[in-house]
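Inspection log for the structure reproduced underneath, given as structure tokens.
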Amino acid sequence: MQQLLSSPQGEIKPAYDVVVVGSGYGGGVAASRLARAGQSVCVIEKGKEFPTGSFPSRLPELRRELQLNGGKMRSGSRTGLFDFRLGADIHVLVGCGLGGGSLINAGVALVPDARVFADPAWPEELVADGLLELGFKRAASMLRPARYANAPELTKYRALEASSAAFGVPPVAAPVVVSFEEIVNPAGVMQPACTLCGDCCSGCNVGAKNTVAMTYLPDARAHGADIFTELSVSHVAKGERGWRVFFAPSNETDASPSFVDAKTVVLAAGTLGSTEILLRSRERGLGLSDRLGEGFSANGDIIAFALGGGERVNGIGVGHPPKFVGDAIGACVAGQIELPDGDELDCGMILQEGVLPSALAPLLPVFFIAGGRLLGAAQSLIKGVYQGPLSHLHTFFVVSHDDAGGRIRLDNGSAQVHWPGVADQPVYARVDEALTKAAQAVGARYIKSPLAATNMGTKPATAHPLGGCGMGQDAESGVVNHKCQVFDGKGRDSVHPGLYVCDGSAIPRSIGVNPLLTITALTERAMVHLARDHNLGFDTAPRVRQEADRVLT
Ligand SMILES: Cc1cc2nc3c(=O)[nH]c(=O)nc-3n(C[C@H](O)[C@H](O)[C@H](O)COP(=O)(O)OP(=O)(O)OC[C@H]3O[C@@H](n4cnc5c(N)ncnc54)[C@H](O)[C@@H]3O)c2cc1C
Ligand code: SF4
């Protein structure tokens, strides 16, 4: 039996040194580092804990984990793993659960081009003190990005190689936070080797993906942090002991809120979550920068498809235990084509091949093949998806740059992105052109919006939301400073003591690479500053595994 990280809700204490809200990359780092610094730490997470083996592997299970939120329209449980925010201009997908987006992401871990951090959008101290490099180093030691050594042998990698002829640039293996060999990781957790099942984006049922729930959170727990799930924080306010954090059970929207006090609060509820909490806190009188909610970026992030080429791609996951035994699929992303633009940072892009989770397999004929509903009913899953025309389906993830011109507002109490004209951002035309070429190179047809007939329509969608509480030099340009401290709106540099935002929302511009490593590094850096400012100290040495540790059986 796998030991749970979370405790029963009734065990939450009235006060802690630190309350961390949310448990993605930012929340995991903050909880681990501050627990190691000897602080009493409480983590409050909106979603559920998913022990290894409990991620959805069939369509009905996947459906139960979907939540759709679109202003007044909402459906599904508020703790559903896949949290879709349907917007008027752009849709956003985020992960909801203990471990945040790390549970359902593809795990690609890249460092941005140095020109990203040279942009004056960032506070100048950020790169000046050398701690950002330390942050990236620490992030990499804990999350352990690795390139799969045999990536070029995977069918989907070879398919990407064929597409790369369109650009004259060969693909390279992509670094992903996956354990390709069995290991006891730096948090003391035993992780089996990746089975190359391809289901990373519906949750790793093997335990091989180096999620926050496998790394920083067990480390925090082992150093004494209390972790609570299925509780949603509504807002924060100044309290007798520093801060008061108001929360209620996630699925009991009418419940009267409880609260917990803390000297320090780290908001790490993700781009939409942390911005939402601060917007609600401002409505209740908390002084904040006028930039709150501004500067939303979708990181030039696109998912698109190509179908009909002559060669197999093998880009649909088989899951664990496997639903089909054939050639290895590979982790969700194994290869990428890097297309930097030497002169114009924002015109560069990275094109990655991806895998769709096996639980989606029964839906694929419906979305991708004319008359697919009938075909889906007539053919077996294996024939239709793993051996038939859909075994030729290319999935592409592209990451690039936009102008971060979106705005997050509260609609009906929840965060919604407003970005009129976003579909006209030049990045979408550039990516369309590149993907059309990539598809043509393998004789396939580019499919931009297979979900056009659904609620998603043809609007852009992103899984890389950034901004809303962006860093800035001062309260006129940002919501937080380079240490992730929240400006109080009283003066240019004046901050709220003990209030931090550490997650994707603090990133003030697109970064042109998948963001997990940058969010982790920025939080590692912020924790070094927090510790220095409060005369705390922590080490980051790997944990030696104890008898009572979390084990996978
Ligand atoms: C399908 C998919 C694929 C992706 N692939 C990649 C990839 O390959 N590489 C990469 O770098 N990035 C990828 N990403 C993006 C990446 O996962 C996110 O950028 C990252 O998880 C954001 O980290 P975060 O710390 O900002 O917040 P999150 O990871 O979003 O965590 C925030 C947490 O806070 C919780 N929360 C929200 N509101 C509240 C509240 N009010 N009270 C309490 N808790 C709350 C949420 O439930 C969530 O668990 C992908 C994302 C998705 C969805
Ligand atoms: S490919 Fe399968 S086993 Fe490997 S990390 Fe992804 S989900 Fe886990």
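Please note that chains go A, B, ... in the order of the structure tokens, that every chain numbers its residues from 1, and that ligands are numbered from 1 in the order shown.
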
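The environment of region 470-473 of chain A within 9 Å, counting only C-alpha atoms and disregarding residues fewer than 6 places along the same chain, consists of Pro120, Ala121, Trp122, Pro123, Glu124, Glu125, Arg291, Leu292, Gly293, Glu294, Gly295, Phe296, Val479, Val480, Asn481, His482, Lys483, Cys484, Arg492, Asp493, Gly504, Ser505, Ala506, Ile507, Pro508 and Arg509 of chain A.
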
Which residues of region 228-337 of chain A come within 12 Å of region 516-527 of chain A, and what is each one's closest atom pair and distance in Å (one decimal), counting only C-alpha atoms, sorted by chain and residue number, as CSV?
residue,atom,partner,partner_atom,distance
A:Thr264,CA,A:Met527,CA,12.0
A:Val266,CA,A:Thr523,CA,10.2
A:Leu267,CA,A:Thr523,CA,11.2
A:Ala268,CA,A:Thr523,CA,9.6
A:Gly270,CA,A:Ile519,CA,10.0
A:Thr271,CA,A:Ile519,CA,10.8

Could the residues in this selection be saved with N, CA and C atoms as an mmCIF file, in the first residue's frame?
data_model
loop_
_atom_site.group_PDB
_atom_site.id
_atom_site.type_symbol
_atom_site.label_atom_id
_atom_site.label_comp_id
_atom_site.auth_asym_id
_atom_site.auth_seq_id
_atom_site.Cartn_x
_atom_site.Cartn_y
_atom_site.Cartn_z
ATOM 1 N N THR A 264 3.806 33.585 7.350
ATOM 2 C CA THR A 264 4.159 33.701 5.927
ATOM 3 C C THR A 264 3.153 32.917 5.093
ATOM 4 N N VAL A 266 2.590 31.619 1.126
ATOM 5 C CA VAL A 266 3.095 31.507 -0.248
ATOM 6 C C VAL A 266 1.924 31.095 -1.125
ATOM 7 N N LEU A 267 1.485 31.994 -1.979
ATOM 8 C CA LEU A 267 0.432 31.646 -2.937
ATOM 9 C C LEU A 267 1.101 30.941 -4.110
ATOM 10 N N ALA A 268 0.668 29.708 -4.359
ATOM 11 C CA ALA A 268 1.256 28.899 -5.442
ATOM 12 C C ALA A 268 0.131 28.114 -6.094
ATOM 13 N N GLY A 270 -1.092 28.500 -9.001
ATOM 14 C CA GLY A 270 -1.023 28.545 -10.465
ATOM 15 C C GLY A 270 -1.454 29.919 -10.969
ATOM 16 N N THR A 271 -1.233 30.111 -12.277
ATOM 17 C CA THR A 271 -1.494 31.420 -12.882
ATOM 18 C C THR A 271 -2.924 31.891 -12.629
#

(message) Residues near Gln9 (chain A), anyone? I mean within 9 Å using only C-alpha atoms, not counting same-chain ones fewer than 5 positions away, as a PyMOL selection string.
(response) chain A and resi 227-231+249

(message) When you look at His401 (chain A) with a cut-off of 10 Å (counting only C-alpha atoms), what residues show up, excluding the ones that are within fewer than 5 positions of it in the same chain? I need them as a VMD selection string.
(response) chain A and resid 297 to 301 345 to 349 425 to 428 509 to 513

(message) List as number ranges by chain the protein and nucleic acid residues lying within 9 Å of ligand 2, with only C-alpha atoms and all ligand atoms counted.
(response) A: 106-107, 176-180, 192-210, 317-320, 329-333, 357

Counting only C-alpha atoms and all ligand atoms, which residues of chain A sit at most 7 Å from some atom of ligand 1, and what is each one's closest atom pair with its distance in Å to one decimal, listed by chain and rising residue number, as a Markdown table?
| residue | atom | partner | partner_atom_place_in_ligand_line | distance |
| --- | --- | --- | --- | --- |
| A:Val21 | CA | ligand 1 | 43 (C) | 5.2 |
| A:Gly22 | CA | ligand 1 | 34 (O) | 3.3 |
| A:Ser23 | CA | ligand 1 | 33 (C) | 4.8 |
| A:Gly24 | CA | ligand 1 | 31 (O) | 3.4 |
| A:Tyr25 | CA | ligand 1 | 25 (O) | 3.8 |
| A:Gly26 | CA | ligand 1 | 25 (O) | 4.0 |
| A:Gly27 | CA | ligand 1 | 25 (O) | 6.0 |
| A:Ile44 | CA | ligand 1 | 43 (C) | 5.4 |
| A:Glu45 | CA | ligand 1 | 44 (N) | 3.9 |
| A:Lys46 | CA | ligand 1 | 44 (N) | 3.8 |
| A:Gly47 | CA | ligand 1 | 47 (O) | 4.9 |
| A:Leu93 | CA | ligand 1 | 53 (C) | 5.1 |
| A:Val94 | CA | ligand 1 | 53 (C) | 4.5 |
| A:Gly95 | CA | ligand 1 | 53 (C) | 5.4 |
| A:Cys96 | CA | ligand 1 | 47 (O) | 3.5 |
| A:Gly97 | CA | ligand 1 | 49 (O) | 4.6 |
| A:Leu98 | CA | ligand 1 | 49 (O) | 5.5 |
| A:Gly99 | CA | ligand 1 | 49 (O) | 5.6 |
| A:Gly100 | CA | ligand 1 | 49 (O) | 3.0 |
| A:Gly101 | CA | ligand 1 | 21 (O) | 3.3 |
| A:Ser102 | CA | ligand 1 | 17 (O) | 4.9 |
| A:Ile104 | CA | ligand 1 | 1 (C) | 5.3 |
| A:Asn105 | CA | ligand 1 | 3 (C) | 3.4 |
| A:Ala106 | CA | ligand 1 | 8 (O) | 3.6 |
| A:Gly107 | CA | ligand 1 | 8 (O) | 3.9 |
| A:Val108 | CA | ligand 1 | 8 (O) | 3.7 |
| A:Ala109 | CA | ligand 1 | 11 (O) | 5.2 |
| A:Cys201 | CA | ligand 1 | 1 (C) | 5.4 |
| A:Leu231 | CA | ligand 1 | 43 (C) | 6.0 |
| A:Ser232 | CA | ligand 1 | 42 (N) | 3.6 |
| A:Val233 | CA | ligand 1 | 42 (N) | 3.9 |
| A:Ser234 | CA | ligand 1 | 41 (N) | 5.6 |
| A:Ala268 | CA | ligand 1 | 25 (O) | 5.8 |
| A:Ala269 | CA | ligand 1 | 34 (O) | 3.3 |
| A:Gly270 | CA | ligand 1 | 27 (O) | 3.5 |
| A:Thr271 | CA | ligand 1 | 26 (O) | 5.6 |
| A:Gly273 | CA | ligand 1 | 38 (N) | 3.9 |
| A:Ser274 | CA | ligand 1 | 38 (N) | 6.5 |
| A:Ile277 | CA | ligand 1 | 41 (N) | 6.3 |
| A:Ala463 | CA | ligand 1 | 51 (C) | 4.5 |
| A:His464 | CA | ligand 1 | 15 (C) | 4.8 |
| A:Pro465 | CA | ligand 1 | 19 (O) | 6.5 |
| A:Asp503 | CA | ligand 1 | 26 (O) | 3.7 |
| A:Gly504 | CA | ligand 1 | 26 (O) | 3.7 |
| A:Ser505 | CA | ligand 1 | 26 (O) | 6.4 |
| A:Asn514 | CA | ligand 1 | 11 (O) | 3.6 |
| A:Pro515 | CA | ligand 1 | 11 (O) | 3.8 |
| A:Leu516 | CA | ligand 1 | 11 (O) | 3.4 |
| A:Leu517 | CA | ligand 1 | 11 (O) | 5.9 |
| A:Ile519 | CA | ligand 1 | 25 (O) | 6.3 |

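Each of A:Gly498, A:Pro60, A:Gly342, A:Gly309 was compared to Lys238 (chain A) using only C-alpha atoms, and A:Gly498 turns out to be the nearest.
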
(message) Under the rule that only C-alpha atoms are counted, which of A:Ala415, A:Ala146, A:Val41, A:Ala220 is the nearest residue to Lys72 (chain A)?
(response)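 Among the listed residues, A:Ala415 lies closest to Lys72 (chain A).
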
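Compared by their closest atoms to Lys13 (chain A), and using only C-alpha atoms, the residues A:Ala429, A:Gly239, A:Cys42, A:Pro257 rank with A:Cys42 nearest.
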
(message) If we count only C-alpha atoms and set the cut-off at 12 Å, which residues sit around Arg63 (chain A), ignoring sequence neighbours fewer than 6 positions away in its own chain? Please answer as a ChimeraX atom specification.
(response) /A:55-57,75-77,80-83,202,359-360,363

Emit the selected residues as a PDB file, in the first residue's frame, including N, CA, C and O atoms.
ATOM      1  N   PHE A  55      -4.597   7.016 -11.598  1.00  0.00           N
ATOM      2  CA  PHE A  55      -4.917   7.985 -12.665  1.00  0.00           C
ATOM      3  C   PHE A  55      -5.862   7.346 -13.678  1.00  0.00           C
ATOM      4  O   PHE A  55      -5.817   6.126 -13.892  1.00  0.00           O
ATOM      5  N   PRO A  56      -6.710   8.168 -14.322  1.00  0.00           N
ATOM      6  CA  PRO A  56      -7.702   7.599 -15.236  1.00  0.00           C
ATOM      7  C   PRO A  56      -7.038   6.873 -16.409  1.00  0.00           C
ATOM      8  O   PRO A  56      -6.143   7.419 -17.043  1.00  0.00           O
ATOM      9  N   SER A  57      -7.505   5.649 -16.685  1.00  0.00           N
ATOM     10  CA  SER A  57      -6.913   4.937 -17.809  1.00  0.00           C
ATOM     11  C   SER A  57      -7.972   4.552 -18.846  1.00  0.00           C
ATOM     12  O   SER A  57      -7.637   4.063 -19.907  1.00  0.00           O
ATOM     13  N   SER A  75     -19.315  22.547 -15.234  1.00  0.00           N
ATOM     14  CA  SER A  75     -19.757  21.173 -15.048  1.00  0.00           C
ATOM     15  C   SER A  75     -18.590  20.344 -14.534  1.00  0.00           C
ATOM     16  O   SER A  75     -17.428  20.728 -14.691  1.00  0.00           O
ATOM     17  N   GLY A  76     -18.933  19.239 -13.906  1.00  0.00           N
ATOM     18  CA  GLY A  76     -17.899  18.352 -13.355  1.00  0.00           C
ATOM     19  C   GLY A  76     -17.541  18.730 -11.931  1.00  0.00           C
ATOM     20  O   GLY A  76     -17.872  19.813 -11.454  1.00  0.00           O
ATOM     21  N   SER A  77     -16.852  17.801 -11.288  1.00  0.00           N
ATOM     22  CA  SER A  77     -16.436  18.034  -9.904  1.00  0.00           C
ATOM     23  C   SER A  77     -15.374  19.131  -9.851  1.00  0.00           C
ATOM     24  O   SER A  77     -14.506  19.201 -10.725  1.00  0.00           O
ATOM     25  N   GLY A  80     -11.891  17.790 -10.180  1.00  0.00           N
ATOM     26  CA  GLY A  80     -11.507  17.026 -11.368  1.00  0.00           C
ATOM     27  C   GLY A  80     -10.070  17.345 -11.786  1.00  0.00           C
ATOM     28  O   GLY A  80      -9.638  18.501 -11.767  1.00  0.00           O
ATOM     29  N   LEU A  81      -9.350  16.307 -12.193  1.00  0.00           N
ATOM     30  CA  LEU A  81      -7.917  16.433 -12.512  1.00  0.00           C
ATOM     31  C   LEU A  81      -7.646  17.400 -13.674  1.00  0.00           C
ATOM     32  O   LEU A  81      -6.656  18.125 -13.677  1.00  0.00           O
ATOM     33  N   PHE A  82      -8.543  17.410 -14.663  1.00  0.00           N
ATOM     34  CA  PHE A  82      -8.344  18.258 -15.850  1.00  0.00           C
ATOM     35  C   PHE A  82      -9.272  19.458 -15.717  1.00  0.00           C
ATOM     36  O   PHE A  82     -10.487  19.331 -15.874  1.00  0.00           O
ATOM     37  N   ASP A  83      -8.705  20.612 -15.431  1.00  0.00           N
ATOM     38  CA  ASP A  83      -9.497  21.816 -15.165  1.00  0.00           C
ATOM     39  C   ASP A  83      -9.446  22.701 -16.424  1.00  0.00           C
ATOM     40  O   ASP A  83      -8.443  23.373 -16.673  1.00  0.00           O
ATOM     41  N   SER A 202      -2.160  11.797 -18.928  1.00  0.00           N
ATOM     42  CA  SER A 202      -3.357  11.486 -18.124  1.00  0.00           C
ATOM     43  C   SER A 202      -2.920  11.001 -16.748  1.00  0.00           C
ATOM     44  O   SER A 202      -3.742  10.566 -15.950  1.00  0.00           O
ATOM     45  N   ALA A 359      -6.588   6.706 -22.689  1.00  0.00           N
ATOM     46  CA  ALA A 359      -7.997   6.821 -22.284  1.00  0.00           C
ATOM     47  C   ALA A 359      -8.811   7.593 -23.324  1.00  0.00           C
ATOM     48  O   ALA A 359     -10.032   7.471 -23.387  1.00  0.00           O
ATOM     49  N   LEU A 360      -8.131   8.393 -24.148  1.00  0.00           N
ATOM     50  CA  LEU A 360      -8.843   9.169 -25.179  1.00  0.00           C
ATOM     51  C   LEU A 360      -9.103   8.346 -26.438  1.00  0.00           C
ATOM     52  O   LEU A 360      -9.836   8.779 -27.331  1.00  0.00           O
ATOM     53  N   LEU A 363     -12.348   8.106 -28.393  1.00  0.00           N
ATOM     54  CA  LEU A 363     -12.888   9.351 -28.963  1.00  0.00           C
ATOM     55  C   LEU A 363     -12.204   9.752 -30.262  1.00  0.00           C
ATOM     56  O   LEU A 363     -12.732  10.559 -31.033  1.00  0.00           O
TER      57      LEU A 363
END

(message) as a PyMOL selection string, please: every residue in region 205-371 of chain A that a backbone DSSP assignment puts in strand (DSSP E or B).
(response) chain A and resi 209+226-228+231-239+242-249+258-267+296-297+302-307+316+335-339+349-354+356

(message) Here is a test: counting only C-alpha atoms, which residue of A:Val189, A:Ala35, A:Val313, A:Val398 is nearest to Leu356 (chain A)?
(response)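 Closest to Leu356 (chain A), using only C-alpha atoms: A:Val313.
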
(message) Set the distance at 7 Å and use only C-alpha atoms: which residues neighbour Leu351 (chain A) once local chain neighbours fewer than 3 positions away are removed? I'd like the list as a list in words.
(response)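 Once the adjacent positions are removed, what remains is Gln336, Ile337, Glu338, Phe396, Phe397, Val398 and Val399 of chain A.
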
Keeping N, CA, C and O atoms for every residue in the selection just given, could you write it to a file as a PDB file, in the first residue's frame?
ATOM      1  N   GLN A 336      12.227  16.815 -30.382  1.00  0.00           N
ATOM      2  CA  GLN A 336      11.802  18.170 -30.723  1.00  0.00           C
ATOM      3  C   GLN A 336      12.686  18.755 -31.814  1.00  0.00           C
ATOM      4  O   GLN A 336      13.850  18.395 -31.947  1.00  0.00           O
ATOM      5  N   ILE A 337      12.077  19.649 -32.605  1.00  0.00           N
ATOM      6  CA  ILE A 337      12.836  20.387 -33.626  1.00  0.00           C
ATOM      7  C   ILE A 337      12.971  21.804 -33.108  1.00  0.00           C
ATOM      8  O   ILE A 337      11.960  22.482 -32.837  1.00  0.00           O
ATOM      9  N   GLU A 338      14.206  22.243 -32.929  1.00  0.00           N
ATOM     10  CA  GLU A 338      14.423  23.586 -32.378  1.00  0.00           C
ATOM     11  C   GLU A 338      14.603  24.552 -33.536  1.00  0.00           C
ATOM     12  O   GLU A 338      15.494  24.365 -34.373  1.00  0.00           O
ATOM     13  N   PHE A 396       1.383  17.402 -32.480  1.00  0.00           N
ATOM     14  CA  PHE A 396       2.481  18.365 -32.339  1.00  0.00           C
ATOM     15  C   PHE A 396       2.180  19.317 -31.184  1.00  0.00           C
ATOM     16  O   PHE A 396       1.064  19.839 -31.075  1.00  0.00           O
ATOM     17  N   PHE A 397       3.175  19.547 -30.338  1.00  0.00           N
ATOM     18  CA  PHE A 397       3.107  20.635 -29.362  1.00  0.00           C
ATOM     19  C   PHE A 397       4.103  21.675 -29.845  1.00  0.00           C
ATOM     20  O   PHE A 397       5.236  21.329 -30.188  1.00  0.00           O
ATOM     21  N   VAL A 398       3.679  22.940 -29.869  1.00  0.00           N
ATOM     22  CA  VAL A 398       4.619  23.997 -30.255  1.00  0.00           C
ATOM     23  C   VAL A 398       4.658  25.024 -29.147  1.00  0.00           C
ATOM     24  O   VAL A 398       3.630  25.334 -28.526  1.00  0.00           O
ATOM     25  N   VAL A 399       5.835  25.537 -28.881  1.00  0.00           N
ATOM     26  CA  VAL A 399       5.967  26.583 -27.871  1.00  0.00           C
ATOM     27  C   VAL A 399       6.759  27.722 -28.485  1.00  0.00           C
ATOM     28  O   VAL A 399       7.728  27.495 -29.213  1.00  0.00           O
TER      29      VAL A 399
END

(request) Using only C-alpha atoms, pick whichever of A:Arg85, A:Asp17, A:Phe305, A:Thr275 has the shortest atom-to-atom distance to Phe367 (chain A). (result) A:Phe305

(request) Give me, please, the distance in Å between CA of Pro365 (chain A) and CA of Ile303 (chain A), quoted to one decimal. (result)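 One can read the CA of Pro365 (chain A) to CA of Ile303 (chain A) distance as 17.8 Å.
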
(message) What parts of region 87-236 of chain A does DSSP call helix (DSSP H, G or I)? I'd like the answer as number ranges by chain.
(response) A: 100-103, 114-118, 125-128, 131-143, 151-153, 155-166, 200-202, 216-222

Generate the output file for the selected residues, C-alpha atoms, as a PDB file, in the first residue's frame.
ATOM      1  CA  GLY A 100      -0.755  20.428  -9.778  1.00  0.00           C
ATOM      2  CA  GLY A 101       0.060  20.465 -13.483  1.00  0.00           C
ATOM      3  CA  SER A 102       2.967  18.064 -12.962  1.00  0.00           C
ATOM      4  CA  LEU A 103       0.429  15.231 -12.717  1.00  0.00           C
ATOM      5  CA  ALA A 114      19.182  33.932 -22.171  1.00  0.00           C
ATOM      6  CA  ARG A 115      17.560  36.810 -24.104  1.00  0.00           C
ATOM      7  CA  VAL A 116      14.270  36.058 -22.325  1.00  0.00           C
ATOM      8  CA  PHE A 117      15.705  37.192 -18.982  1.00  0.00           C
ATOM      9  CA  ALA A 118      17.421  40.206 -20.563  1.00  0.00           C
ATOM     10  CA  GLU A 125      17.976  42.087  -9.755  1.00  0.00           C
ATOM     11  CA  LEU A 126      16.706  38.772 -11.124  1.00  0.00           C
ATOM     12  CA  VAL A 127      19.812  37.883 -13.081  1.00  0.00           C
ATOM     13  CA  ALA A 128      22.240  40.167 -11.269  1.00  0.00           C
ATOM     14  CA  LEU A 131      20.751  32.997  -7.791  1.00  0.00           C
ATOM     15  CA  LEU A 132      18.632  32.269 -10.848  1.00  0.00           C
ATOM     16  CA  GLU A 133      21.354  29.941 -12.111  1.00  0.00           C
ATOM     17  CA  LEU A 134      21.427  28.287  -8.698  1.00  0.00           C
ATOM     18  CA  GLY A 135      17.639  27.959  -8.943  1.00  0.00           C
ATOM     19  CA  PHE A 136      17.885  26.149 -12.289  1.00  0.00           C
ATOM     20  CA  LYS A 137      20.609  23.905 -10.876  1.00  0.00           C
ATOM     21  CA  ARG A 138      18.527  22.966  -7.845  1.00  0.00           C
ATOM     22  CA  ALA A 139      15.414  22.450  -9.983  1.00  0.00           C
ATOM     23  CA  ALA A 140      17.350  20.076 -12.240  1.00  0.00           C
ATOM     24  CA  SER A 141      18.811  18.108  -9.311  1.00  0.00           C
ATOM     25  CA  MET A 142      15.370  17.475  -7.870  1.00  0.00           C
ATOM     26  CA  LEU A 143      13.356  16.962 -11.090  1.00  0.00           C
ATOM     27  CA  ALA A 151      14.682   8.090 -28.611  1.00  0.00           C
ATOM     28  CA  PRO A 152      15.803   7.945 -32.285  1.00  0.00           C
ATOM     29  CA  GLU A 153      14.582   4.337 -32.457  1.00  0.00           C
ATOM     30  CA  THR A 155       8.513   5.261 -34.415  1.00  0.00           C
ATOM     31  CA  LYS A 156       7.145   8.678 -33.446  1.00  0.00           C
ATOM     32  CA  TYR A 157      10.652  10.138 -33.313  1.00  0.00           C
ATOM     33  CA  ARG A 158      11.327   8.832 -36.804  1.00  0.00           C
ATOM     34  CA  ALA A 159       8.071  10.425 -37.940  1.00  0.00           C
ATOM     35  CA  LEU A 160       9.287  13.749 -36.519  1.00  0.00           C
ATOM     36  CA  GLU A 161      12.583  13.235 -38.303  1.00  0.00           C
ATOM     37  CA  ALA A 162      10.681  12.858 -41.582  1.00  0.00           C
ATOM     38  CA  SER A 163       8.784  16.103 -40.862  1.00  0.00           C
ATOM     39  CA  SER A 164      12.025  17.893 -40.018  1.00  0.00           C
ATOM     40  CA  ALA A 165      13.048  17.677 -43.694  1.00  0.00           C
ATOM     41  CA  ALA A 166      10.762  20.681 -44.162  1.00  0.00           C
ATOM     42  CA  CYS A 200       2.129  10.909 -19.218  1.00  0.00           C
ATOM     43  CA  CYS A 201      -0.653  13.454 -19.907  1.00  0.00           C
ATOM     44  CA  SER A 202      -3.357  11.486 -18.124  1.00  0.00           C
ATOM     45  CA  TYR A 216       9.240  18.062  -3.622  1.00  0.00           C
ATOM     46  CA  LEU A 217       6.028  17.096  -1.801  1.00  0.00           C
ATOM     47  CA  PRO A 218       7.317  13.847  -0.244  1.00  0.00           C
ATOM     48  CA  ASP A 219      10.436  15.814   0.701  1.00  0.00           C
ATOM     49  CA  ALA A 220       8.253  18.437   2.404  1.00  0.00           C
ATOM     50  CA  ARG A 221       6.226  15.720   4.167  1.00  0.00           C
ATOM     51  CA  ALA A 222       9.362  13.962   5.343  1.00  0.00           C
TER      52      ALA A 222
END

(request) Write out as a VMD selection string each polymer residue whose atoms come within 10 Å of Gly310 (chain A), counting only C-alpha atoms; drop sequence neighbours fewer than 5 positions from it. (result) chain A and resid 389 392 442 to 444
